[in-house]
$ cat start_19.cif   # mmCIF, N, CA, C and O atoms
data_target
#
loop_
_atom_site.label_atom_id
_atom_site.label_comp_id
_atom_site.auth_asym_id
_atom_site.auth_seq_id
_atom_site.Cartn_x
_atom_site.Cartn_y
_atom_site.Cartn_z
N MET C 151 -1.74 -23.27 18.79
CA MET C 151 -0.41 -22.96 19.27
C MET C 151 0.51 -24.10 18.92
O MET C 151 0.14 -25.26 19.01
N THR C 152 1.70 -23.74 18.54
CA THR C 152 2.71 -24.74 18.19
C THR C 152 4.01 -24.38 18.88
O THR C 152 4.22 -23.24 19.30
N GLY C 153 4.88 -25.36 18.99
CA GLY C 153 6.22 -25.12 19.51
C GLY C 153 6.30 -24.92 21.01
O GLY C 153 7.30 -24.40 21.51
N LEU C 154 5.27 -25.32 21.75
CA LEU C 154 5.32 -25.16 23.20
C LEU C 154 6.30 -26.14 23.82
O LEU C 154 6.33 -27.32 23.47
N THR C 155 7.09 -25.64 24.75
CA THR C 155 8.01 -26.48 25.52
C THR C 155 7.93 -26.04 26.97
O THR C 155 7.35 -25.00 27.29
N ALA C 156 8.55 -26.81 27.83
CA ALA C 156 8.59 -26.44 29.25
C ALA C 156 9.36 -25.13 29.43
O ALA C 156 9.09 -24.36 30.36
N GLY C 157 10.27 -24.84 28.52
CA GLY C 157 11.07 -23.62 28.64
C GLY C 157 10.41 -22.36 28.11
O GLY C 157 10.80 -21.26 28.47
N ASN C 158 9.40 -22.51 27.25
CA ASN C 158 8.79 -21.30 26.68
C ASN C 158 7.31 -21.16 27.01
O ASN C 158 6.65 -20.27 26.49
N PHE C 159 6.78 -22.00 27.85
CA PHE C 159 5.36 -21.90 28.23
C PHE C 159 5.26 -20.98 29.44
O PHE C 159 5.04 -21.39 30.58
N THR C 160 5.44 -19.69 29.18
CA THR C 160 5.39 -18.67 30.23
C THR C 160 4.38 -17.61 29.82
O THR C 160 4.05 -17.48 28.63
N PRO C 161 3.87 -16.83 30.76
CA PRO C 161 2.95 -15.75 30.40
C PRO C 161 3.54 -14.79 29.36
O PRO C 161 2.86 -14.38 28.43
N LEU C 162 4.81 -14.47 29.51
CA LEU C 162 5.45 -13.53 28.57
C LEU C 162 5.48 -14.10 27.16
O LEU C 162 5.13 -13.42 26.20
N HIS C 163 5.89 -15.37 27.04
CA HIS C 163 5.91 -16.00 25.72
C HIS C 163 4.51 -16.10 25.14
O HIS C 163 4.31 -15.91 23.93
N LEU C 164 3.52 -16.37 25.96
CA LEU C 164 2.14 -16.46 25.49
C LEU C 164 1.67 -15.11 24.96
O LEU C 164 1.06 -15.02 23.89
N ILE C 165 1.97 -14.05 25.69
CA ILE C 165 1.56 -12.70 25.26
C ILE C 165 2.23 -12.33 23.94
O ILE C 165 1.57 -11.85 23.01
N TYR C 166 3.55 -12.56 23.84
CA TYR C 166 4.24 -12.24 22.59
C TYR C 166 3.72 -13.10 21.45
O TYR C 166 3.58 -12.63 20.31
N GLY C 167 3.43 -14.36 21.73
CA GLY C 167 2.88 -15.24 20.70
C GLY C 167 1.53 -14.75 20.19
O GLY C 167 1.25 -14.80 18.99
N MET C 168 0.69 -14.27 21.09
CA MET C 168 -0.62 -13.73 20.69
C MET C 168 -0.46 -12.47 19.84
O MET C 168 -1.12 -12.32 18.81
N MET C 169 0.42 -11.58 20.25
CA MET C 169 0.64 -10.35 19.48
C MET C 169 1.19 -10.67 18.10
O MET C 169 0.73 -10.12 17.09
N ASP C 170 2.18 -11.56 18.04
CA ASP C 170 2.75 -11.94 16.75
C ASP C 170 1.70 -12.64 15.89
O ASP C 170 1.67 -12.45 14.67
N GLY C 171 0.84 -13.44 16.51
CA GLY C 171 -0.22 -14.12 15.77
C GLY C 171 -1.22 -13.14 15.17
O GLY C 171 -1.66 -13.31 14.03
N MET C 172 -1.58 -12.11 15.93
CA MET C 172 -2.49 -11.08 15.41
C MET C 172 -1.88 -10.39 14.19
O MET C 172 -2.54 -10.20 13.17
N ALA C 173 -0.62 -10.03 14.32
CA ALA C 173 0.07 -9.34 13.22
C ALA C 173 0.19 -10.26 12.01
O ALA C 173 -0.04 -9.83 10.87
N HIS C 174 0.51 -11.52 12.25
CA HIS C 174 0.66 -12.48 11.15
C HIS C 174 -0.67 -12.68 10.42
O HIS C 174 -0.72 -12.72 9.18
N GLU C 175 -1.77 -12.80 11.17
CA GLU C 175 -3.08 -12.99 10.54
C GLU C 175 -3.46 -11.81 9.65
O GLU C 175 -3.92 -11.99 8.52
N LEU C 176 -3.25 -10.60 10.13
CA LEU C 176 -3.57 -9.43 9.31
C LEU C 176 -2.61 -9.30 8.13
O LEU C 176 -3.01 -8.86 7.06
N HIS C 177 -1.37 -9.73 8.31
CA HIS C 177 -0.43 -9.70 7.19
C HIS C 177 -0.86 -10.68 6.10
O HIS C 177 -0.71 -10.39 4.91
N GLN C 178 -1.41 -11.83 6.48
CA GLN C 178 -1.91 -12.77 5.48
C GLN C 178 -3.06 -12.15 4.68
O GLN C 178 -3.13 -12.33 3.46
N MET C 179 -3.94 -11.42 5.35
CA MET C 179 -5.02 -10.72 4.63
C MET C 179 -4.45 -9.67 3.69
O MET C 179 -4.92 -9.51 2.56
N TYR C 180 -3.42 -8.97 4.14
CA TYR C 180 -2.76 -7.97 3.31
C TYR C 180 -2.14 -8.62 2.07
O TYR C 180 -2.24 -8.09 0.96
N GLN C 181 -1.52 -9.78 2.25
CA GLN C 181 -0.93 -10.47 1.10
C GLN C 181 -2.00 -10.87 0.09
O GLN C 181 -1.78 -10.77 -1.12
N ALA C 182 -3.16 -11.31 0.55
CA ALA C 182 -4.26 -11.66 -0.35
C ALA C 182 -4.74 -10.41 -1.09
O ALA C 182 -5.05 -10.45 -2.29
N TYR C 183 -4.81 -9.30 -0.38
CA TYR C 183 -5.20 -8.02 -0.98
C TYR C 183 -4.21 -7.64 -2.08
O TYR C 183 -4.61 -7.24 -3.18
N ARG C 184 -2.92 -7.78 -1.81
CA ARG C 184 -1.90 -7.47 -2.81
C ARG C 184 -1.99 -8.42 -4.00
O ARG C 184 -1.84 -8.00 -5.14
N ALA C 185 -2.24 -9.70 -3.74
CA ALA C 185 -2.35 -10.68 -4.82
C ALA C 185 -3.54 -10.39 -5.72
O ALA C 185 -3.53 -10.71 -6.91
N ALA C 186 -4.55 -9.73 -5.17
CA ALA C 186 -5.74 -9.37 -5.95
C ALA C 186 -5.56 -8.04 -6.67
O ALA C 186 -6.49 -7.53 -7.31
N GLY C 187 -4.37 -7.45 -6.57
CA GLY C 187 -4.09 -6.21 -7.29
C GLY C 187 -4.08 -4.96 -6.43
O GLY C 187 -3.88 -3.86 -6.93
N GLY C 188 -4.32 -5.11 -5.14
CA GLY C 188 -4.33 -3.95 -4.25
C GLY C 188 -2.93 -3.41 -4.02
O GLY C 188 -1.94 -4.12 -4.15
N THR C 189 -2.86 -2.14 -3.72
CA THR C 189 -1.57 -1.50 -3.44
C THR C 189 -1.66 -0.73 -2.13
O THR C 189 -2.74 -0.38 -1.68
N ALA C 190 -0.52 -0.48 -1.55
CA ALA C 190 -0.44 0.30 -0.32
C ALA C 190 0.89 1.02 -0.30
O ALA C 190 1.89 0.51 -0.80
N LYS C 191 0.89 2.21 0.27
CA LYS C 191 2.11 3.00 0.37
C LYS C 191 2.63 3.08 1.79
O LYS C 191 3.81 3.32 2.01
N LYS C 192 1.74 2.87 2.77
CA LYS C 192 2.10 3.15 4.14
C LYS C 192 1.28 2.27 5.08
O LYS C 192 0.11 2.00 4.80
N LEU C 193 1.87 1.82 6.18
CA LEU C 193 1.18 1.04 7.19
C LEU C 193 0.65 1.99 8.26
O LEU C 193 1.42 2.65 8.95
N ILE C 194 -0.67 2.09 8.36
CA ILE C 194 -1.30 2.96 9.34
C ILE C 194 -2.14 2.10 10.27
O ILE C 194 -2.96 1.30 9.82
N GLY C 195 -1.93 2.24 11.55
CA GLY C 195 -2.68 1.49 12.55
C GLY C 195 -3.62 2.39 13.31
O GLY C 195 -3.44 3.60 13.37
N SER C 196 -4.65 1.78 13.89
CA SER C 196 -5.59 2.55 14.70
C SER C 196 -6.07 1.69 15.85
O SER C 196 -5.97 0.47 15.82
N GLY C 197 -6.58 2.34 16.86
CA GLY C 197 -7.15 1.64 17.99
C GLY C 197 -6.26 1.68 19.22
O GLY C 197 -5.05 1.90 19.14
N GLY C 198 -6.91 1.46 20.34
CA GLY C 198 -6.22 1.52 21.62
C GLY C 198 -5.17 0.46 21.81
O GLY C 198 -4.17 0.68 22.48
N GLY C 199 -5.38 -0.73 21.22
CA GLY C 199 -4.39 -1.79 21.36
C GLY C 199 -3.04 -1.36 20.84
O GLY C 199 -2.01 -1.54 21.50
N LEU C 200 -3.02 -0.78 19.66
CA LEU C 200 -1.76 -0.30 19.08
C LEU C 200 -1.29 0.97 19.77
O LEU C 200 -0.11 1.14 20.05
N ARG C 201 -2.23 1.86 20.03
CA ARG C 201 -1.87 3.16 20.61
C ARG C 201 -1.24 3.00 22.00
O ARG C 201 -0.36 3.76 22.39
N ASN C 202 -1.68 1.99 22.75
CA ASN C 202 -1.23 1.84 24.13
C ASN C 202 -0.22 0.72 24.35
O ASN C 202 0.16 0.46 25.49
N ASN C 203 0.22 0.06 23.27
CA ASN C 203 1.13 -1.07 23.45
C ASN C 203 2.22 -1.04 22.39
O ASN C 203 2.02 -1.48 21.27
N ARG C 204 3.36 -0.53 22.76
CA ARG C 204 4.46 -0.41 21.80
C ARG C 204 4.95 -1.78 21.33
O ARG C 204 5.45 -1.92 20.22
N PHE C 205 4.78 -2.80 22.14
CA PHE C 205 5.20 -4.13 21.75
C PHE C 205 4.31 -4.69 20.65
O PHE C 205 4.78 -5.39 19.75
N LEU C 206 3.02 -4.37 20.69
CA LEU C 206 2.11 -4.76 19.62
C LEU C 206 2.49 -4.03 18.33
O LEU C 206 2.49 -4.63 17.25
N CYS C 207 2.82 -2.77 18.44
CA CYS C 207 3.28 -2.01 17.26
C CYS C 207 4.53 -2.66 16.67
O CYS C 207 4.66 -2.78 15.45
N GLU C 208 5.45 -3.09 17.53
CA GLU C 208 6.66 -3.73 17.05
C GLU C 208 6.35 -5.05 16.34
O GLU C 208 6.98 -5.38 15.33
N SER C 209 5.36 -5.80 16.84
CA SER C 209 4.96 -7.05 16.19
C SER C 209 4.44 -6.77 14.78
O SER C 209 4.77 -7.49 13.83
N PHE C 210 3.64 -5.72 14.64
CA PHE C 210 3.10 -5.37 13.32
C PHE C 210 4.22 -4.87 12.41
O PHE C 210 4.24 -5.20 11.22
N SER C 211 5.13 -4.08 12.93
CA SER C 211 6.24 -3.59 12.12
C SER C 211 7.08 -4.75 11.60
O SER C 211 7.49 -4.76 10.44
N ARG C 212 7.33 -5.75 12.45
CA ARG C 212 8.10 -6.92 12.02
C ARG C 212 7.33 -7.72 10.96
O ARG C 212 7.90 -8.12 9.94
N ALA C 213 6.04 -7.96 11.20
CA ALA C 213 5.24 -8.78 10.28
C ALA C 213 5.16 -8.13 8.90
O ALA C 213 5.23 -8.82 7.88
N PHE C 214 5.00 -6.82 8.86
CA PHE C 214 4.84 -6.11 7.59
C PHE C 214 6.16 -5.57 7.06
O PHE C 214 6.20 -5.00 5.98
N ASN C 215 7.23 -5.72 7.84
CA ASN C 215 8.54 -5.20 7.46
C ASN C 215 8.43 -3.72 7.08
O ASN C 215 8.92 -3.28 6.05
N SER C 216 7.75 -2.98 7.93
CA SER C 216 7.48 -1.57 7.67
C SER C 216 7.25 -0.85 8.99
O SER C 216 6.73 -1.42 9.94
N ALA C 217 7.62 0.41 9.01
CA ALA C 217 7.29 1.23 10.17
C ALA C 217 5.77 1.43 10.21
O ALA C 217 5.12 1.46 9.17
N ILE C 218 5.21 1.54 11.40
CA ILE C 218 3.77 1.74 11.54
C ILE C 218 3.53 3.17 12.02
O ILE C 218 4.23 3.68 12.88
N THR C 219 2.56 3.82 11.40
CA THR C 219 2.13 5.15 11.79
C THR C 219 0.75 5.02 12.41
O THR C 219 -0.12 4.34 11.86
N LEU C 220 0.56 5.65 13.56
CA LEU C 220 -0.76 5.60 14.19
C LEU C 220 -1.64 6.71 13.63
O LEU C 220 -1.16 7.80 13.32
N SER C 221 -2.92 6.42 13.48
CA SER C 221 -3.85 7.41 12.95
C SER C 221 -3.95 8.61 13.89
O SER C 221 -3.63 8.52 15.07
N ASP C 222 -4.40 9.72 13.34
CA ASP C 222 -4.53 10.94 14.14
C ASP C 222 -5.72 10.87 15.09
O ASP C 222 -5.72 11.49 16.13
N GLY C 223 -6.76 10.12 14.71
CA GLY C 223 -7.97 10.05 15.52
C GLY C 223 -7.78 9.24 16.78
O GLY C 223 -6.91 8.40 16.87
N ARG C 224 -8.61 9.52 17.78
CA ARG C 224 -8.54 8.78 19.04
C ARG C 224 -9.77 7.89 19.22
O ARG C 224 -9.77 7.03 20.07
N GLU C 225 -10.81 8.10 18.46
CA GLU C 225 -12.05 7.32 18.58
C GLU C 225 -12.42 6.76 17.22
O GLU C 225 -13.50 7.02 16.68
N GLU C 226 -11.52 5.95 16.67
CA GLU C 226 -11.69 5.45 15.31
C GLU C 226 -12.95 4.60 15.15
O GLU C 226 -13.68 4.74 14.17
N ALA C 227 -13.22 3.72 16.09
CA ALA C 227 -14.38 2.84 15.99
C ALA C 227 -15.68 3.64 16.02
O ALA C 227 -16.60 3.40 15.24
N ALA C 228 -15.78 4.60 16.92
CA ALA C 228 -16.97 5.42 17.02
C ALA C 228 -17.17 6.25 15.76
O ALA C 228 -18.30 6.39 15.26
N CYS C 229 -16.10 6.77 15.20
CA CYS C 229 -16.17 7.56 13.98
C CYS C 229 -16.64 6.69 12.82
O CYS C 229 -17.52 7.07 12.05
N GLY C 230 -16.08 5.49 12.71
CA GLY C 230 -16.50 4.57 11.64
C GLY C 230 -17.94 4.17 11.77
O GLY C 230 -18.67 4.11 10.77
N ALA C 231 -18.41 3.93 12.98
CA ALA C 231 -19.81 3.57 13.21
C ALA C 231 -20.73 4.72 12.82
O ALA C 231 -21.78 4.50 12.21
N ALA C 232 -20.33 5.94 13.17
CA ALA C 232 -21.15 7.10 12.82
C ALA C 232 -21.21 7.30 11.31
O ALA C 232 -22.27 7.60 10.76
N LEU C 233 -20.08 7.13 10.63
CA LEU C 233 -20.07 7.26 9.18
C LEU C 233 -20.93 6.18 8.53
O LEU C 233 -21.65 6.45 7.56
N TYR C 234 -20.87 4.97 9.03
CA TYR C 234 -21.67 3.87 8.49
C TYR C 234 -23.15 4.14 8.72
O TYR C 234 -23.98 3.95 7.82
N ALA C 235 -23.51 4.63 9.90
CA ALA C 235 -24.91 4.91 10.21
C ALA C 235 -25.46 6.06 9.38
O ALA C 235 -26.64 6.08 9.05
N ALA C 236 -24.60 7.00 9.03
CA ALA C 236 -25.04 8.16 8.28
C ALA C 236 -25.33 7.82 6.81
O ALA C 236 -26.02 8.55 6.12
N ASP C 237 -24.79 6.70 6.35
CA ASP C 237 -24.93 6.33 4.93
C ASP C 237 -26.29 5.75 4.63
O ASP C 237 -27.00 5.11 5.13
#

$ encode --input "start_19.cif" --output "structure tokens"
Amino acid sequence: MTGLTAGNFTPLHLIYGMMDGMAHELHQMYQAYRAAGGTAKKLIGSGGGLRNNRFLCESFSRAFNSAITLSDGREEAACGAALYAAD
């Protein structure tokens, strides 16, 4: 954590900092993917964290400078685990 002061060391600032940090970390991975030649047309998110927290969605939208679309599925992790196990 950086930039802590007596004026911004509050639970709200900590929560927003964590959400922005999560979005920033994934955006860095996305930039590496793009640098390696990867392409993307749309930002799609999945999972309960995004589905149940509009502020987290806003953090991702800001980090990626793109609107975020949530996946249609509700049990993405379970579906991915089943697909992996079936292989």

$ closest_residue --input "start_19.cif" --among "C:Ala156, C:Leu193, C:Ala213, C:Gly188" --to "Gly171 of chain C" --atoms "only C-alpha atoms"
C:Ala213

$ atom_distance --input "start_19.cif" --atom1 "atom O of Tyr180 of chain C" --atom2 "atom N of Leu154 of chain C"
28.0 Å

$ atom_distance --input "start_19.cif" --atom1 "atom C of Gln178 of chain C" --atom2 "atom N of Lys192 of chain C"
15.9 Å

$ select_by_dssp --input "start_19.cif" --residues "chain C" --states "helix (DSSP H, G or I)" --output "PyMOL selection string"
chain C and resi 161-185+198-201+204-214+226-236

$ residues_around --input "start_19.cif" --residues "Ser196 of chain C" --least-positions-apart "4" --cutoff "9 Å" --atoms "only C-alpha atoms" --output "PyMOL selection string"
chain C and resi 200-201+219-227

$ resolve_selection --input "start_19.cif" --expression "the PyMOL selection byres ((chain C and resi 203-210) around 8)" --output "PyMOL selection string"
chain C and resi 165-166+169-174+177+197-202+211-218

$ atom_distance --input "start_19.cif" --atom1 "atom CA of His163 of chain C" --atom2 "atom N of Glu175 of chain C"
16.8 Å

$ select_by_dssp --input "start_19.cif" --residues "chain C" --states "strand (DSSP E)" --output "NGL selection string"
:C and (193-195 or 218-220)

$ build_atoms --input "start_19.cif" --residues "segment 197-208 of chain C" --atoms "all heavy atoms" --output "mmCIF file, in the coordinates of the input"
data_model
loop_
_atom_site.group_PDB
_atom_site.id
_atom_site.type_symbol
_atom_site.label_atom_id
_atom_site.label_comp_id
_atom_site.auth_asym_id
_atom_site.auth_seq_id
_atom_site.Cartn_x
_atom_site.Cartn_y
_atom_site.Cartn_z
ATOM 1 N N GLY C 197 -6.580 2.340 16.860
ATOM 2 C CA GLY C 197 -7.150 1.640 17.990
ATOM 3 C C GLY C 197 -6.260 1.680 19.220
ATOM 4 O O GLY C 197 -5.050 1.900 19.140
ATOM 5 N N GLY C 198 -6.910 1.460 20.340
ATOM 6 C CA GLY C 198 -6.220 1.520 21.620
ATOM 7 C C GLY C 198 -5.170 0.460 21.810
ATOM 8 O O GLY C 198 -4.170 0.680 22.480
ATOM 9 N N GLY C 199 -5.380 -0.730 21.220
ATOM 10 C CA GLY C 199 -4.390 -1.790 21.360
ATOM 11 C C GLY C 199 -3.040 -1.360 20.840
ATOM 12 O O GLY C 199 -2.010 -1.540 21.500
ATOM 13 N N LEU C 200 -3.020 -0.780 19.660
ATOM 14 C CA LEU C 200 -1.760 -0.300 19.080
ATOM 15 C C LEU C 200 -1.290 0.970 19.770
ATOM 16 O O LEU C 200 -0.110 1.140 20.050
ATOM 17 C CB LEU C 200 -1.912 -0.064 17.584
ATOM 18 C CG LEU C 200 -2.029 -1.313 16.720
ATOM 19 C CD1 LEU C 200 -2.439 -0.947 15.305
ATOM 20 C CD2 LEU C 200 -0.730 -2.094 16.714
ATOM 21 N N ARG C 201 -2.230 1.860 20.030
ATOM 22 C CA ARG C 201 -1.870 3.160 20.610
ATOM 23 C C ARG C 201 -1.240 3.000 22.000
ATOM 24 O O ARG C 201 -0.360 3.760 22.390
ATOM 25 C CB ARG C 201 -3.113 4.043 20.710
ATOM 26 C CG ARG C 201 -2.820 5.475 21.067
ATOM 27 C CD ARG C 201 -4.051 6.352 20.999
ATOM 28 N NE ARG C 201 -4.809 6.240 19.771
ATOM 29 C CZ ARG C 201 -4.440 6.719 18.580
ATOM 30 N NH1 ARG C 201 -3.296 7.334 18.451
ATOM 31 N NH2 ARG C 201 -5.217 6.581 17.534
ATOM 32 N N ASN C 202 -1.680 1.990 22.750
ATOM 33 C CA ASN C 202 -1.230 1.840 24.130
ATOM 34 C C ASN C 202 -0.220 0.720 24.350
ATOM 35 O O ASN C 202 0.160 0.460 25.490
ATOM 36 C CB ASN C 202 -2.432 1.593 25.045
ATOM 37 C CG ASN C 202 -3.397 2.764 25.041
ATOM 38 O OD1 ASN C 202 -2.979 3.910 25.093
ATOM 39 N ND2 ASN C 202 -4.675 2.477 24.956
ATOM 40 N N ASN C 203 0.220 0.060 23.270
ATOM 41 C CA ASN C 203 1.130 -1.070 23.450
ATOM 42 C C ASN C 203 2.220 -1.040 22.390
ATOM 43 O O ASN C 203 2.020 -1.480 21.270
ATOM 44 C CB ASN C 203 0.348 -2.385 23.380
ATOM 45 C CG ASN C 203 1.167 -3.586 23.761
ATOM 46 O OD1 ASN C 203 2.370 -3.601 23.610
ATOM 47 N ND2 ASN C 203 0.496 -4.616 24.246
ATOM 48 N N ARG C 204 3.360 -0.530 22.760
ATOM 49 C CA ARG C 204 4.460 -0.410 21.800
ATOM 50 C C ARG C 204 4.950 -1.780 21.330
ATOM 51 O O ARG C 204 5.450 -1.920 20.220
ATOM 52 C CB ARG C 204 5.605 0.413 22.364
ATOM 53 C CG ARG C 204 6.358 -0.225 23.497
ATOM 54 C CD ARG C 204 7.476 0.714 24.002
ATOM 55 N NE ARG C 204 8.080 0.223 25.203
ATOM 56 C CZ ARG C 204 9.208 -0.478 25.218
ATOM 57 N NH1 ARG C 204 9.838 -0.748 24.102
ATOM 58 N NH2 ARG C 204 9.708 -0.894 26.362
ATOM 59 N N PHE C 205 4.780 -2.800 22.140
ATOM 60 C CA PHE C 205 5.200 -4.130 21.750
ATOM 61 C C PHE C 205 4.310 -4.690 20.650
ATOM 62 O O PHE C 205 4.780 -5.390 19.750
ATOM 63 C CB PHE C 205 5.236 -5.077 22.957
ATOM 64 C CG PHE C 205 6.159 -4.594 24.035
ATOM 65 C CD1 PHE C 205 5.657 -4.057 25.207
ATOM 66 C CD2 PHE C 205 7.535 -4.656 23.864
ATOM 67 C CE1 PHE C 205 6.504 -3.601 26.204
ATOM 68 C CE2 PHE C 205 8.396 -4.205 24.844
ATOM 69 C CZ PHE C 205 7.883 -3.669 26.026
ATOM 70 N N LEU C 206 3.020 -4.370 20.690
ATOM 71 C CA LEU C 206 2.110 -4.760 19.620
ATOM 72 C C LEU C 206 2.490 -4.030 18.330
ATOM 73 O O LEU C 206 2.490 -4.630 17.250
ATOM 74 C CB LEU C 206 0.661 -4.480 20.004
ATOM 75 C CG LEU C 206 -0.400 -4.947 19.027
ATOM 76 C CD1 LEU C 206 -0.318 -6.448 18.776
ATOM 77 C CD2 LEU C 206 -1.792 -4.576 19.562
ATOM 78 N N CYS C 207 2.820 -2.770 18.440
ATOM 79 C CA CYS C 207 3.280 -2.010 17.260
ATOM 80 C C CYS C 207 4.530 -2.660 16.670
ATOM 81 O O CYS C 207 4.660 -2.780 15.450
ATOM 82 C CB CYS C 207 3.582 -0.558 17.639
ATOM 83 S SG CYS C 207 2.134 0.452 17.937
ATOM 84 N N GLU C 208 5.450 -3.090 17.530
ATOM 85 C CA GLU C 208 6.660 -3.730 17.050
ATOM 86 C C GLU C 208 6.350 -5.050 16.340
ATOM 87 O O GLU C 208 6.980 -5.380 15.330
ATOM 88 C CB GLU C 208 7.630 -3.962 18.206
ATOM 89 C CG GLU C 208 8.229 -2.679 18.748
ATOM 90 C CD GLU C 208 8.992 -2.872 20.048
ATOM 91 O OE1 GLU C 208 9.165 -4.029 20.494
ATOM 92 O OE2 GLU C 208 9.407 -1.856 20.629
#
